[in-house]
Protein chains: 4
Amino acid sequence: MIGSGVEHEARAEEVGRLLAERGCTVVTGGRGEVMAAAARGAKSAGGTTIGILPGSSHAEANEWIDYVVVTGVGPARNLAVAASGDAVIAVGGAWGTLSEISFAKMLGRPVVILEPGQEVVGVERAATPEDAVELVLSRAGGGA
Amino acid sequence: MIGSGVEHEARAEEVGRLLAERGCTVVTGGRGEVMAAAARGAKSAGGTTIGILPGSSHAEANEWIDYVVVTGVGPARNLAVAASGDAVIAVGGAWGTLSEISFAKMLGRPVVILEPGQEVVGVERAATPEDAVELVLSRAGGGA
Amino acid sequence: MIGSGVEHEARAEEVGRLLAERGCTVVTGGRGEVMAAAARGAKSAGGTTIGILPGSSHAEANEWIDYVVVTGVGPARNLAVAASGDAVIAVGGAWGTLSEISFAKMLGRPVVILEPGQEVVGVERAATPEDAVELVLSRAGGGA
Amino acid sequence: MIGSGVEHEARAEEVGRLLAERGCTVVTGGRGEVMAAAARGAKSAGGTTIGILPGSSHAEANEWIDYVVVTGVGPARNLAVAASGDAVIAVGGAWGTLSEISFAKMLGRPVVILEPGQEVVGVERAATPEDAVELVLSRAGGGA
């Protein structure tokens, strides 16, 4: 789950919850806003969360992360976030999110955009958290 | 200069030549197609070229690169390409190029798209190599 | 747990088992040899394992990895491996392992070497898997 | 040229000067202390210098760098520094330098240590800047 923007937190939390209910591990960038909301949603449904941080300290992680990965590679951790999922759902987001969408597509990971930061030709859209989760799971072959 | 696509090589070469004529060092991803074309154009005008490679071998560089930087970080070298210029011109390009545009914008580098891989809201467009070079130099404060 | 060398697999497996028995999550580079042995040991004791891969495919991971992190950054993933643990145990290893020891020390992570690839001034040594685990846990303040 | 430690600046400057006199481009991490000294030495002999920075701003570079590469990947830029030279001379240095020596050896780059941060088995030593430059050039096949 990638993205940013405080206005999208409710939908990100819903995506996290739905993914966890479907048995998916939720991988995010591990910090605040929608990343925290998605992890919080996953934990509310008893799911498992991984946070992949850009810096060199575990302390950057939000409190809903079960397993913290500290990459130390700055914004290049966006590549790791995009690559580590079997599929990617984007909720909102600015330039960092667009870099993650780009990497995910480059690596052949299915990507679905909910609440677009901007339209990206070649990336599917979903209208609701439910649709986003269904669509991305169908593209990932059932496991994400 | 970032981008990809063999159909864009003529324009990439022109961009490289124009940048060199304006005294700019041309930084690219160092490999083939438009990266090679831009470097070739820069060298035709007596310019200097830097190629920032993803792999771990100097041999990946095209023959028009003066200074080869071997990053070893795979697609994360796109961050280095985007960050190392004072400004960025994109010619064509697929997902890798979009990741570079994203990183350049995230870091506040001026970006101009010539021959878009796709429209990106918030990134300026230029219609010709001349326009792209003029526009990006004006955004970079005269030096790129 | 970092390191390499097929001759060290038995001790790596023992380290993985002991860490899991102490409640630690075992983080490795996710691939073969001692990385696989440590993860296998952890799973034999009911532990949890994370594998941080250099490439861009989940398929590189060994079968004992619970959570696969795909970094895409090549040998720079050694930084993520070193940084993600609360403490580091090195079992054997060549240059890649030495890079991980270096990064772990640079970031202030406690490091203990069991079966050194080479002596490193400023890094503690342990004679047995038991000693390595005790020592590293004491340095990490009880949690690793 | 890699390393750190203010007490080694005179020797680093001499290494930079000698490399430039031999026609080599001097690649460093681009910041202060021995990195600046080596670049200053190279410029005093009319050489060319490249600085490969960890952060995301050109402003981190010392004033003797001709071509600034901004990687954005934090300490993972040590991999790029190690990989970009045809050969590596280490002057002093702490853990970051040891990570660079490790990566250089892992990638098969010739490495010579002058003023060791610590002894590294399998890495050649030199007693003087002259010896270091001669030795590393002989290992690199004449060009570095």
# chains A, B, ... in the order shown; residues from 1 in each chain; ligands from 1

call {"tool": "residues_around", "arguments": {"residues": "Gly85 (chain B)", "least_positions_apart": "6", "cutoff": "12 Å", "atoms": "only C-alpha atoms", "output": "JSON, numbers by chain"}}
result
{"B": [1, 2, 24, 25, 26, 27, 28, 29, 49, 50, 51, 52, 78, 79, 100, 101, 103, 104, 105, 107, 108, 109, 110, 111, 136, 137, 140, 143, 144], "D": [56, 57, 58, 67, 68, 69, 70, 71]}

call {"tool": "write_last_selection", "arguments": {"atoms": "C-alpha atoms", "output": "tab-separated table (two decimals), in the first residue's frame"}}
result
chain	number	residue	atom	x	y	z
B	1	MET	CA	18.66	14.12	-19.96
B	2	ILE	CA	16.39	11.16	-19.31
B	24	CYS	CA	26.06	22.42	-19.82
B	25	THR	CA	27.42	19.06	-18.77
B	26	VAL	CA	25.05	16.35	-19.99
B	27	VAL	CA	24.16	13.72	-17.38
B	28	THR	CA	22.32	10.56	-18.45
B	29	GLY	CA	21.79	6.96	-17.40
B	49	THR	CA	29.10	13.81	-20.60
B	50	ILE	CA	28.49	11.81	-17.44
B	51	GLY	CA	26.80	8.41	-17.43
B	52	ILE	CA	25.32	7.02	-14.22
B	78	ASN	CA	17.33	6.52	-11.45
B	79	LEU	CA	17.31	8.58	-8.26
B	100	GLU	CA	13.12	9.77	-12.72
B	101	ILE	CA	10.63	12.57	-13.37
B	103	PHE	CA	12.30	11.87	-8.12
B	104	ALA	CA	13.39	15.07	-9.87
B	105	LYS	CA	10.13	16.77	-8.89
B	107	LEU	CA	13.79	16.94	-5.02
B	108	GLY	CA	12.73	20.25	-6.53
B	109	ARG	CA	14.68	19.94	-9.77
B	110	PRO	CA	13.10	21.73	-12.74
B	111	VAL	CA	11.73	19.21	-15.25
B	136	VAL	CA	14.87	24.16	-18.57
B	137	LEU	CA	17.77	26.61	-18.47
B	140	ALA	CA	17.52	26.25	-13.50
B	143	GLY	CA	23.05	26.67	-15.57
B	144	ALA	CA	22.20	23.00	-16.00
D	56	SER	CA	20.22	14.94	-2.32
D	57	SER	CA	21.90	18.34	-2.65
D	58	HIS	CA	24.81	19.53	-4.78
D	67	TYR	CA	31.55	16.92	-11.47
D	68	VAL	CA	29.09	16.35	-8.67
D	69	VAL	CA	27.00	13.18	-8.63
D	70	VAL	CA	24.09	13.41	-6.21
D	71	THR	CA	22.98	9.86	-5.43

call {"tool": "interface_residues", "arguments": {"of": "chain A", "to": "chain D", "cutoff": "8 Å", "atoms": "only C-alpha atoms", "output": "PyMOL selection string"}}
result
chain A and resi 72-76

call {"tool": "write_last_selection", "arguments": {"atoms": "all heavy atoms", "output": "JSON list (two decimals), in the first residue's frame"}}
result
[["chain", "number", "residue", "atom", "x", "y", "z"],
["A", 72, "GLY", "N", 18.12, 2.55, 4.93],
["A", 72, "GLY", "CA", 19.23, 3.51, 4.87],
["A", 72, "GLY", "C", 19.44, 4.15, 3.51],
["A", 72, "GLY", "O", 20.33, 4.98, 3.37],
["A", 73, "VAL", "N", 18.63, 3.82, 2.51],
["A", 73, "VAL", "CA", 18.91, 4.31, 1.16],
["A", 73, "VAL", "C", 18.04, 5.49, 0.74],
["A", 73, "VAL", "O", 17.94, 5.82, -0.45],
["A", 73, "VAL", "CB", 18.80, 3.18, 0.10],
["A", 73, "VAL", "CG1", 19.84, 2.11, 0.37],
["A", 73, "VAL", "CG2", 17.40, 2.58, 0.06],
["A", 74, "GLY", "N", 17.43, 6.17, 1.71],
["A", 74, "GLY", "CA", 16.68, 7.38, 1.39],
["A", 74, "GLY", "C", 15.50, 7.10, 0.47],
["A", 74, "GLY", "O", 14.83, 6.07, 0.60],
["A", 75, "PRO", "N", 15.26, 8.01, -0.49],
["A", 75, "PRO", "CA", 14.10, 7.83, -1.37],
["A", 75, "PRO", "C", 14.19, 6.58, -2.24],
["A", 75, "PRO", "O", 13.18, 6.17, -2.80],
["A", 75, "PRO", "CB", 14.14, 9.09, -2.25],
["A", 75, "PRO", "CG", 14.96, 10.08, -1.50],
["A", 75, "PRO", "CD", 15.96, 9.29, -0.70],
["A", 76, "ALA", "N", 15.38, 5.96, -2.32],
["A", 76, "ALA", "CA", 15.50, 4.72, -3.08],
["A", 76, "ALA", "C", 14.78, 3.58, -2.39],
["A", 76, "ALA", "O", 14.55, 2.53, -2.99],
["A", 76, "ALA", "CB", 16.97, 4.35, -3.30]]

call {"tool": "residues_around", "arguments": {"residues": "Ser4 (chain C)", "least_positions_apart": "5", "cutoff": "8 Å", "atoms": "only C-alpha atoms", "output": "PDB file with N, CA and C atoms, in the first residue's frame"}}
result
ATOM      1  N   GLU C  33      22.916 -20.758   1.451  1.00  0.00           N
ATOM      2  CA  GLU C  33      24.007 -21.055   2.380  1.00  0.00           C
ATOM      3  C   GLU C  33      23.682 -20.642   3.814  1.00  0.00           C
ATOM      4  N   VAL C  34      24.531 -19.849   4.445  1.00  0.00           N
ATOM      5  CA  VAL C  34      24.299 -19.562   5.868  1.00  0.00           C
ATOM      6  C   VAL C  34      23.015 -18.756   6.079  1.00  0.00           C
ATOM      7  N   MET C  35      22.607 -17.981   5.071  1.00  0.00           N
ATOM      8  CA  MET C  35      21.341 -17.244   5.199  1.00  0.00           C
ATOM      9  C   MET C  35      20.178 -18.225   5.294  1.00  0.00           C
ATOM     10  N   VAL C  91      28.510 -14.912  10.825  1.00  0.00           N
ATOM     11  CA  VAL C  91      29.024 -16.281  10.824  1.00  0.00           C
ATOM     12  C   VAL C  91      29.761 -16.492   9.512  1.00  0.00           C
ATOM     13  N   GLY C  92      31.079 -16.551   9.580  1.00  0.00           N
ATOM     14  CA  GLY C  92      31.871 -16.675   8.368  1.00  0.00           C
ATOM     15  C   GLY C  92      31.726 -15.424   7.536  1.00  0.00           C
ATOM     16  N   GLY C  93      31.794 -15.606   6.232  1.00  0.00           N
ATOM     17  CA  GLY C  93      31.547 -14.471   5.363  1.00  0.00           C
ATOM     18  C   GLY C  93      32.784 -13.955   4.667  1.00  0.00           C
ATOM     19  N   ALA C  94      32.542 -13.361   3.502  1.00  0.00           N
ATOM     20  CA  ALA C  94      33.603 -12.791   2.691  1.00  0.00           C
ATOM     21  C   ALA C  94      33.401 -11.274   2.618  1.00  0.00           C
ATOM     22  N   THR C  97      29.945  -9.759   3.594  1.00  0.00           N
ATOM     23  CA  THR C  97      29.728  -9.764   5.038  1.00  0.00           C
ATOM     24  C   THR C  97      30.517  -8.639   5.706  1.00  0.00           C
TER      25      THR C  97
END

call {"tool": "select_by_dssp", "arguments": {"residues": "region 12-121 of chain A", "states": "alpha helix (DSSP H)", "output": "PyMOL selection string"}}
result
chain A and resi 12-21+34-44+77-84+95-106

call {"tool": "closest_residue", "arguments": {"among": "B:Asp86, B:Gly96, B:Ala38, B:Glu119", "to": "His8 (chain B)", "atoms": "only C-alpha atoms"}}
result
B:Ala38

call {"tool": "residues_around", "arguments": {"residues": "Arg40 (chain A)", "least_positions_apart": "4", "cutoff": "9 Å", "atoms": "only C-alpha atoms", "output": "list in words"}}
result
Glu13, Gly16, Arg17, Met35, Ala36, Ser44, Ala45, Thr49, Glu63, Trp64 and Ile65 of chain A

call {"tool": "select_by_dssp", "arguments": {"residues": "region 7-94 of chain B", "states": "strand (DSSP E)", "output": "ChimeraX atom specification"}}
result
/B:26-28,49-53,67-70,88-92

call {"tool": "write_last_selection", "arguments": {"atoms": "N, CA and C atoms", "output": "short mmCIF file (atom, residue, chain, number, x, y, z; two decimals), in the first residue's frame"}}
result
data_model
loop_
_atom_site.label_atom_id
_atom_site.label_comp_id
_atom_site.auth_asym_id
_atom_site.auth_seq_id
_atom_site.Cartn_x
_atom_site.Cartn_y
_atom_site.Cartn_z
N VAL B 26 26.23 17.18 -19.75
CA VAL B 26 25.05 16.35 -19.99
C VAL B 26 25.16 15.06 -19.17
N VAL B 27 24.22 14.90 -18.24
CA VAL B 27 24.16 13.72 -17.38
C VAL B 27 23.03 12.81 -17.85
N THR B 28 23.36 11.52 -18.07
CA THR B 28 22.32 10.56 -18.45
C THR B 28 22.53 9.26 -17.68
N THR B 49 30.21 14.72 -20.92
CA THR B 49 29.10 13.81 -20.60
C THR B 49 29.42 12.94 -19.39
N ILE B 50 28.40 12.72 -18.58
CA ILE B 50 28.49 11.81 -17.44
C ILE B 50 27.40 10.76 -17.59
N GLY B 51 27.77 9.50 -17.37
CA GLY B 51 26.80 8.41 -17.43
C GLY B 51 26.73 7.70 -16.10
N ILE B 52 25.53 7.61 -15.55
CA ILE B 52 25.32 7.02 -14.22
C ILE B 52 24.65 5.67 -14.40
N LEU B 53 25.42 4.61 -14.24
CA LEU B 53 24.98 3.25 -14.59
C LEU B 53 24.33 2.52 -13.43
N TYR B 67 32.71 10.47 -18.35
CA TYR B 67 32.92 10.05 -16.96
C TYR B 67 31.83 9.07 -16.57
N VAL B 68 32.25 7.85 -16.28
CA VAL B 68 31.32 6.77 -15.96
C VAL B 68 31.20 6.63 -14.45
N VAL B 69 29.98 6.71 -13.95
CA VAL B 69 29.71 6.45 -12.54
C VAL B 69 28.97 5.12 -12.45
N VAL B 70 29.56 4.20 -11.73
CA VAL B 70 29.03 2.84 -11.60
C VAL B 70 28.38 2.75 -10.22
N VAL B 88 16.22 18.82 -15.50
CA VAL B 88 16.01 17.55 -16.20
C VAL B 88 15.16 17.77 -17.44
N ILE B 89 15.60 17.20 -18.58
CA ILE B 89 14.77 17.14 -19.78
C ILE B 89 14.46 15.67 -20.07
N ALA B 90 13.18 15.37 -20.23
CA ALA B 90 12.76 14.00 -20.53
C ALA B 90 12.37 13.91 -22.00
N VAL B 91 12.92 12.92 -22.70
CA VAL B 91 12.59 12.69 -24.10
C VAL B 91 12.05 11.28 -24.23
N GLY B 92 10.76 11.17 -24.45
CA GLY B 92 10.14 9.85 -24.50
C GLY B 92 10.20 9.19 -23.14
#

call {"tool": "atom_distance", "arguments": {"atom1": "CA of Gly41 (chain A)", "atom2": "CA of Glu60 (chain A)"}}
result
18.9 Å

call {"tool": "atom_distance", "arguments": {"atom1": "CA of Gly32 (chain A)", "atom2": "CA of Ala12 (chain A)"}}
result
11.6 Å
